[in-house]
Amino acid sequence: MAQLPKVEPYLGITQHGKAHLSIGARWGDEGKGKGAHALVGRLGIKRGVRYGGGGNSGHTVYPLPGVKLALNHMPCCAAHKDGIPCLGQGMVIDPKALFENEVNKLHELGFLQDPSLPLIDELAHIVMPWHFILDDPFGKIGSTKKGIGPAYTDKYARRGIRMVDILHAGTLQTKVEEIVEYHNIYFRHLELQEMEVNPIVDEYLEIGENLRPHIVDLSEHLLNALENNHDIIGEGHQGVEIGVQCIEYPYVTSCDTTTGAFCTGTGIPPKYIGNIYGLIKAYDTSVGVRPGFLAKLEDTTGEKIRQRGGEFGATTGRPRDVGWLDVASTKNAVWRNGITGIIMAKLDVLTGFKEILTCVGYELDGEKINKLPIDFAVRSRVTPIYEEHPGWEKDIVGITNFVLLPKNARRFIERLEGQFGVPIVAIGTGPEPEDFIWRR
């Protein structure tokens, strides 16, 4: 592997008019909601944009004391006063769930006082009723059943419905007729109830009228903001290791999740990108089929971490698989995505373990390798190589100063920094929003 870039991140912004990215550096479920929400507050940036995925992402935030909220479509700035949440052209949006489960709840909590918010890109695609029926009907890939994969399939087959389409009756009628005719062939084959065109058209024209104040040329809005020295937080969904072009294919989400997806999902050129913050946990978790999870724990240690960390999906409620942190794969993700700093969640969950392991490489047929093979048949012969770290007993919940951590916890963090090649700029030390150590 090439030498990792030596990039010093900054949390105090020294140059305005930049888009700073917050992305999951593993398989999703890295605590992106809490991390991104804290980062928005730390940097004081009002505009946030989601640029991929849709209702399949669950970003948990605590907007008010004692209030827990799972955001699926919305960026975390929506739960900040004066936040300007934006939904980019790379998303596939379920407008009914967006407003029923997120926008209305945020209104009840006193957020989104501007009636035009959230801003939604006119080119974003819509999750339509047939997409839910088509979503992983045989349960082969562990889908969230939110219609995301079929919506992207229609998008790239050039038969998708975009936000701009539901503003024009003639366009929507023609498109729905063509798409329903296509999908009804499949429904007939499976002896499922066929879709009817007119009720769908009527429903989504009404949705379009309600959304009209929100639908904009978002790319133009964001570029104007950047040119006027306003900053943006680009909030990734899922994790960079399960993008559609990653080695976990086909056990992946249905769009790109890497740093490059920010540009295609917003229409913002790469020259505007500033810092790239990769979010991880102090251990690994995953939901769904995951052939790359070699360090998975299927014993009492894994169950202890699951229960202590509350490792259940924010969107689905499914128990997450739990294992030791795979440093080798994370290091590769840092390198390939240009990550300039790490935000680590849930270090406190590892308190009390006599020994903590990390996966630092792999062994294939007696030979050490540094990255996972693409072919699953070859990967089945791979075993993890572990590095041992002494644990700590002192409770660290709520600690906000690095020097107050137990010596072994500090050494653990410093060892990981040396392996990743970039600083760990923030460390989560408890369940509360303020339970962070900010180091840069």
# chains A, B, ... in the order shown; residues from 1 in each chain; ligands from 1
$ closest_atom_pairs --of "segment 122-184 of chain A" --to "segment 262-267 of chain A" --cutoff "12 Å" --atoms "only C-alpha atoms" --output "JSON lines"
{"residue": "A:Glu122", "atom": "CA", "partner": "A:Thr266", "partner_atom": "CA", "distance": 11.3}
{"residue": "A:Leu123", "atom": "CA", "partner": "A:Thr266", "partner_atom": "CA", "distance": 9.8}
{"residue": "A:Ala124", "atom": "CA", "partner": "A:Gly265", "partner_atom": "CA", "distance": 8.9}
{"residue": "A:His125", "atom": "CA", "partner": "A:Gly265", "partner_atom": "CA", "distance": 11.3}
$ select_by_dssp --residues "segment 169-411 of chain A" --states "helix (DSSP H, G or I)" --output "count of residues only"
96
$ residues_around --residues "Lys18 of chain A" --least-positions-apart "3" --cutoff "6 Å" --atoms "only C-alpha atoms" --output "compact mmCIF listing (two decimals) with C-alpha atoms, in the first residue's frame"
# COMPACT_ATOMS: atom_id res chain seq x y z
CA ASP A 231 -19.36 26.52 5.00
CA TYR A 272 -14.54 22.98 -2.47
CA ILE A 273 -13.86 19.99 -0.21
CA GLY A 274 -12.05 20.85 3.02
$ select_by_dssp --residues "segment 72-120 of chain A" --states "strand (DSSP E)" --output "list in words"
Ile84, Pro85, Cys86, Leu87, Val92, Ile93, Leu119 and Ile120 of chain A
$ residues_around --residues "Glu194 of chain A" --least-positions-apart "5" --cutoff "8 Å" --atoms "only C-alpha atoms" --output "PyMOL selection string"
chain A and resi 184+187-188
$ residues_around --residues "segment 297-303 of chain A" --least-positions-apart "3" --cutoff "8 Å" --atoms "only C-alpha atoms" --output "MDAnalysis selection string"
chainID A and resid 306:307 321:324
$ write_last_selection --atoms "all heavy atoms" --output "mmCIF file, in the first residue's frame"
data_model
loop_
_atom_site.group_PDB
_atom_site.id
_atom_site.type_symbol
_atom_site.label_atom_id
_atom_site.label_comp_id
_atom_site.auth_asym_id
_atom_site.auth_seq_id
_atom_site.Cartn_x
_atom_site.Cartn_y
_atom_site.Cartn_z
ATOM 1 N N ARG A 306 -22.409 -5.756 22.753
ATOM 2 C CA ARG A 306 -23.694 -5.413 22.130
ATOM 3 C C ARG A 306 -24.645 -4.764 23.131
ATOM 4 O O ARG A 306 -25.254 -3.728 22.855
ATOM 5 C CB ARG A 306 -24.346 -6.648 21.517
ATOM 6 C CG ARG A 306 -25.686 -6.352 20.820
ATOM 7 C CD ARG A 306 -26.326 -7.609 20.250
ATOM 8 N NE ARG A 306 -25.514 -8.167 19.188
ATOM 9 C CZ ARG A 306 -24.843 -9.324 19.280
ATOM 10 N NH1 ARG A 306 -24.899 -10.043 20.397
ATOM 11 N NH2 ARG A 306 -24.128 -9.761 18.278
ATOM 12 N N GLN A 307 -24.763 -5.365 24.304
ATOM 13 C CA GLN A 307 -25.686 -4.840 25.306
ATOM 14 C C GLN A 307 -25.189 -3.516 25.883
ATOM 15 O O GLN A 307 -25.966 -2.565 26.043
ATOM 16 C CB GLN A 307 -25.885 -5.876 26.419
ATOM 17 C CG GLN A 307 -26.573 -7.154 25.974
ATOM 18 C CD GLN A 307 -27.984 -6.914 25.438
ATOM 19 O OE1 GLN A 307 -28.693 -6.004 25.877
ATOM 20 N NE2 GLN A 307 -28.400 -7.736 24.477
ATOM 21 N N ASP A 321 -24.264 -7.276 14.488
ATOM 22 C CA ASP A 321 -23.098 -8.108 14.749
ATOM 23 C C ASP A 321 -22.013 -7.224 15.355
ATOM 24 O O ASP A 321 -21.864 -6.051 14.991
ATOM 25 C CB ASP A 321 -22.592 -8.746 13.451
ATOM 26 C CG ASP A 321 -23.525 -9.817 12.935
ATOM 27 O OD1 ASP A 321 -24.209 -10.455 13.749
ATOM 28 O OD2 ASP A 321 -23.588 -10.009 11.705
ATOM 29 N N VAL A 322 -21.242 -7.788 16.263
ATOM 30 C CA VAL A 322 -20.242 -7.029 17.019
ATOM 31 C C VAL A 322 -18.904 -7.750 16.937
ATOM 32 O O VAL A 322 -18.849 -8.988 16.952
ATOM 33 C CB VAL A 322 -20.675 -6.879 18.497
ATOM 34 C CG1 VAL A 322 -19.577 -6.249 19.330
ATOM 35 C CG2 VAL A 322 -21.949 -6.050 18.592
ATOM 36 N N GLY A 323 -17.820 -6.994 16.848
ATOM 37 C CA GLY A 323 -16.491 -7.603 16.827
ATOM 38 C C GLY A 323 -15.408 -6.587 17.133
ATOM 39 O O GLY A 323 -15.669 -5.398 17.325
ATOM 40 N N TRP A 324 -14.186 -7.060 17.166
ATOM 41 C CA TRP A 324 -13.047 -6.172 17.401
ATOM 42 C C TRP A 324 -12.818 -5.265 16.199
ATOM 43 O O TRP A 324 -13.146 -5.619 15.062
ATOM 44 C CB TRP A 324 -11.790 -6.985 17.685
ATOM 45 C CG TRP A 324 -11.871 -7.864 18.898
ATOM 46 C CD1 TRP A 324 -11.766 -9.219 18.937
ATOM 47 C CD2 TRP A 324 -12.078 -7.445 20.257
ATOM 48 N NE1 TRP A 324 -11.878 -9.682 20.228
ATOM 49 C CE2 TRP A 324 -12.078 -8.604 21.065
ATOM 50 C CE3 TRP A 324 -12.259 -6.203 20.877
ATOM 51 C CZ2 TRP A 324 -12.250 -8.566 22.446
ATOM 52 C CZ3 TRP A 324 -12.431 -6.159 22.257
ATOM 53 C CH2 TRP A 324 -12.420 -7.320 23.023
#
$ residues_around --residues "Ile413 of chain A" --least-positions-apart "5" --cutoff "9 Å" --atoms "only C-alpha atoms" --output "number ranges by chain"
A: 408, 418, 424, 427
$ decode --residues "segment 268-281 of chain A" --atoms "all heavy atoms" --output "PDB file, in the first residue's frame"
ATOM      1  N   ILE A 268     -21.423  19.620  -6.397  1.00  0.00           N
ATOM      2  CA  ILE A 268     -20.346  20.507  -5.952  1.00  0.00           C
ATOM      3  C   ILE A 268     -19.003  19.949  -6.424  1.00  0.00           C
ATOM      4  O   ILE A 268     -18.699  18.781  -6.170  1.00  0.00           O
ATOM      5  CB  ILE A 268     -20.353  20.644  -4.418  1.00  0.00           C
ATOM      6  CG1 ILE A 268     -21.637  21.336  -3.956  1.00  0.00           C
ATOM      7  CG2 ILE A 268     -19.130  21.429  -3.934  1.00  0.00           C
ATOM      8  CD1 ILE A 268     -21.789  21.392  -2.449  1.00  0.00           C
ATOM      9  N   PRO A 269     -18.160  20.734  -7.091  1.00  0.00           N
ATOM     10  CA  PRO A 269     -16.860  20.248  -7.561  1.00  0.00           C
ATOM     11  C   PRO A 269     -15.913  19.914  -6.408  1.00  0.00           C
ATOM     12  O   PRO A 269     -16.040  20.468  -5.305  1.00  0.00           O
ATOM     13  CB  PRO A 269     -16.314  21.420  -8.385  1.00  0.00           C
ATOM     14  CG  PRO A 269     -17.496  22.264  -8.704  1.00  0.00           C
ATOM     15  CD  PRO A 269     -18.444  22.102  -7.553  1.00  0.00           C
ATOM     16  N   PRO A 270     -14.936  19.038  -6.649  1.00  0.00           N
ATOM     17  CA  PRO A 270     -14.002  18.621  -5.583  1.00  0.00           C
ATOM     18  C   PRO A 270     -13.189  19.754  -4.979  1.00  0.00           C
ATOM     19  O   PRO A 270     -12.759  19.650  -3.831  1.00  0.00           O
ATOM     20  CB  PRO A 270     -13.085  17.612  -6.294  1.00  0.00           C
ATOM     21  CG  PRO A 270     -13.855  17.144  -7.480  1.00  0.00           C
ATOM     22  CD  PRO A 270     -14.720  18.293  -7.903  1.00  0.00           C
ATOM     23  N   LYS A 271     -12.990  20.834  -5.713  1.00  0.00           N
ATOM     24  CA  LYS A 271     -12.117  21.906  -5.207  1.00  0.00           C
ATOM     25  C   LYS A 271     -12.662  22.560  -3.937  1.00  0.00           C
ATOM     26  O   LYS A 271     -11.921  23.233  -3.224  1.00  0.00           O
ATOM     27  CB  LYS A 271     -11.903  22.974  -6.283  1.00  0.00           C
ATOM     28  CG  LYS A 271     -13.122  23.822  -6.603  1.00  0.00           C
ATOM     29  CD  LYS A 271     -12.780  24.904  -7.617  1.00  0.00           C
ATOM     30  CE  LYS A 271     -13.980  25.823  -7.889  1.00  0.00           C
ATOM     31  NZ  LYS A 271     -13.625  26.909  -8.832  1.00  0.00           N
ATOM     32  N   TYR A 272     -13.943  22.363  -3.660  1.00  0.00           N
ATOM     33  CA  TYR A 272     -14.539  22.977  -2.475  1.00  0.00           C
ATOM     34  C   TYR A 272     -14.412  22.110  -1.225  1.00  0.00           C
ATOM     35  O   TYR A 272     -14.773  22.546  -0.135  1.00  0.00           O
ATOM     36  CB  TYR A 272     -16.016  23.279  -2.721  1.00  0.00           C
ATOM     37  CG  TYR A 272     -16.265  24.397  -3.714  1.00  0.00           C
ATOM     38  CD1 TYR A 272     -16.591  24.113  -5.030  1.00  0.00           C
ATOM     39  CD2 TYR A 272     -16.159  25.731  -3.330  1.00  0.00           C
ATOM     40  CE1 TYR A 272     -16.820  25.126  -5.947  1.00  0.00           C
ATOM     41  CE2 TYR A 272     -16.383  26.752  -4.242  1.00  0.00           C
ATOM     42  CZ  TYR A 272     -16.711  26.447  -5.551  1.00  0.00           C
ATOM     43  OH  TYR A 272     -16.935  27.457  -6.461  1.00  0.00           O
ATOM     44  N   ILE A 273     -13.931  20.880  -1.361  1.00  0.00           N
ATOM     45  CA  ILE A 273     -13.862  19.988  -0.206  1.00  0.00           C
ATOM     46  C   ILE A 273     -12.730  20.407   0.727  1.00  0.00           C
ATOM     47  O   ILE A 273     -11.601  20.635   0.294  1.00  0.00           O
ATOM     48  CB  ILE A 273     -13.674  18.527  -0.650  1.00  0.00           C
ATOM     49  CG1 ILE A 273     -14.908  18.047  -1.431  1.00  0.00           C
ATOM     50  CG2 ILE A 273     -13.451  17.611   0.557  1.00  0.00           C
ATOM     51  CD1 ILE A 273     -14.789  16.648  -1.977  1.00  0.00           C
ATOM     52  N   GLY A 274     -13.045  20.511   2.005  1.00  0.00           N
ATOM     53  CA  GLY A 274     -12.047  20.850   3.019  1.00  0.00           C
ATOM     54  C   GLY A 274     -11.619  19.612   3.763  1.00  0.00           C
ATOM     55  O   GLY A 274     -10.981  18.716   3.207  1.00  0.00           O
ATOM     56  N   ASN A 275     -11.980  19.495   5.027  1.00  0.00           N
ATOM     57  CA  ASN A 275     -11.634  18.320   5.824  1.00  0.00           C
ATOM     58  C   ASN A 275     -12.589  17.175   5.560  1.00  0.00           C
ATOM     59  O   ASN A 275     -13.765  17.385   5.231  1.00  0.00           O
ATOM     60  CB  ASN A 275     -11.668  18.650   7.314  1.00  0.00           C
ATOM     61  CG  ASN A 275     -10.385  19.315   7.763  1.00  0.00           C
ATOM     62  OD1 ASN A 275      -9.409  19.338   7.032  1.00  0.00           O
ATOM     63  ND2 ASN A 275     -10.376  19.854   8.963  1.00  0.00           N
ATOM     64  N   ILE A 276     -12.088  15.974   5.759  1.00  0.00           N
ATOM     65  CA  ILE A 276     -12.908  14.769   5.617  1.00  0.00           C
ATOM     66  C   ILE A 276     -12.762  13.981   6.922  1.00  0.00           C
ATOM     67  O   ILE A 276     -11.689  13.456   7.221  1.00  0.00           O
ATOM     68  CB  ILE A 276     -12.467  13.928   4.418  1.00  0.00           C
ATOM     69  CG1 ILE A 276     -12.539  14.751   3.132  1.00  0.00           C
ATOM     70  CG2 ILE A 276     -13.339  12.674   4.293  1.00  0.00           C
ATOM     71  CD1 ILE A 276     -11.894  14.096   1.925  1.00  0.00           C
ATOM     72  N   TYR A 277     -13.835  13.931   7.684  1.00  0.00           N
ATOM     73  CA  TYR A 277     -13.827  13.265   8.981  1.00  0.00           C
ATOM     74  C   TYR A 277     -14.440  11.874   8.840  1.00  0.00           C
ATOM     75  O   TYR A 277     -15.594  11.728   8.417  1.00  0.00           O
ATOM     76  CB  TYR A 277     -14.612  14.082  10.007  1.00  0.00           C
ATOM     77  CG  TYR A 277     -14.025  15.451  10.239  1.00  0.00           C
ATOM     78  CD1 TYR A 277     -14.588  16.583   9.643  1.00  0.00           C
ATOM     79  CD2 TYR A 277     -12.894  15.627  11.031  1.00  0.00           C
ATOM     80  CE1 TYR A 277     -14.050  17.836   9.841  1.00  0.00           C
ATOM     81  CE2 TYR A 277     -12.349  16.878  11.231  1.00  0.00           C
ATOM     82  CZ  TYR A 277     -12.927  17.982  10.633  1.00  0.00           C
ATOM     83  OH  TYR A 277     -12.373  19.225  10.822  1.00  0.00           O
ATOM     84  N   GLY A 278     -13.656  10.864   9.183  1.00  0.00           N
ATOM     85  CA  GLY A 278     -14.134   9.495   9.136  1.00  0.00           C
ATOM     86  C   GLY A 278     -14.598   9.054  10.507  1.00  0.00           C
ATOM     87  O   GLY A 278     -13.879   9.198  11.492  1.00  0.00           O
ATOM     88  N   LEU A 279     -15.816   8.532  10.588  1.00  0.00           N
ATOM     89  CA  LEU A 279     -16.383   8.107  11.867  1.00  0.00           C
ATOM     90  C   LEU A 279     -16.253   6.599  12.026  1.00  0.00           C
ATOM     91  O   LEU A 279     -16.570   5.837  11.108  1.00  0.00           O
ATOM     92  CB  LEU A 279     -17.845   8.532  11.967  1.00  0.00           C
ATOM     93  CG  LEU A 279     -18.010  10.043  12.132  1.00  0.00           C
ATOM     94  CD1 LEU A 279     -18.399  10.698  10.820  1.00  0.00           C
ATOM     95  CD2 LEU A 279     -19.045  10.369  13.200  1.00  0.00           C
ATOM     96  N   ILE A 280     -15.776   6.190  13.190  1.00  0.00           N
ATOM     97  CA  ILE A 280     -15.665   4.780  13.524  1.00  0.00           C
ATOM     98  C   ILE A 280     -16.104   4.591  14.974  1.00  0.00           C
ATOM     99  O   ILE A 280     -16.323   5.569  15.698  1.00  0.00           O
ATOM    100  CB  ILE A 280     -14.222   4.245  13.356  1.00  0.00           C
ATOM    101  CG1 ILE A 280     -13.276   4.926  14.365  1.00  0.00           C
ATOM    102  CG2 ILE A 280     -13.726   4.443  11.927  1.00  0.00           C
ATOM    103  CD1 ILE A 280     -11.882   4.317  14.401  1.00  0.00           C
ATOM    104  N   LYS A 281     -16.239   3.344  15.399  1.00  0.00           N
ATOM    105  CA  LYS A 281     -16.373   3.028  16.807  1.00  0.00           C
ATOM    106  C   LYS A 281     -15.058   2.438  17.301  1.00  0.00           C
ATOM    107  O   LYS A 281     -14.187   2.086  16.496  1.00  0.00           O
ATOM    108  CB  LYS A 281     -17.496   2.013  17.024  1.00  0.00           C
ATOM    109  CG  LYS A 281     -18.886   2.572  16.844  1.00  0.00           C
ATOM    110  CD  LYS A 281     -19.916   1.468  16.952  1.00  0.00           C
ATOM    111  CE  LYS A 281     -21.322   2.010  16.702  1.00  0.00           C
ATOM    112  NZ  LYS A 281     -22.302   0.938  16.477  1.00  0.00           N
TER     113      LYS A 281
END
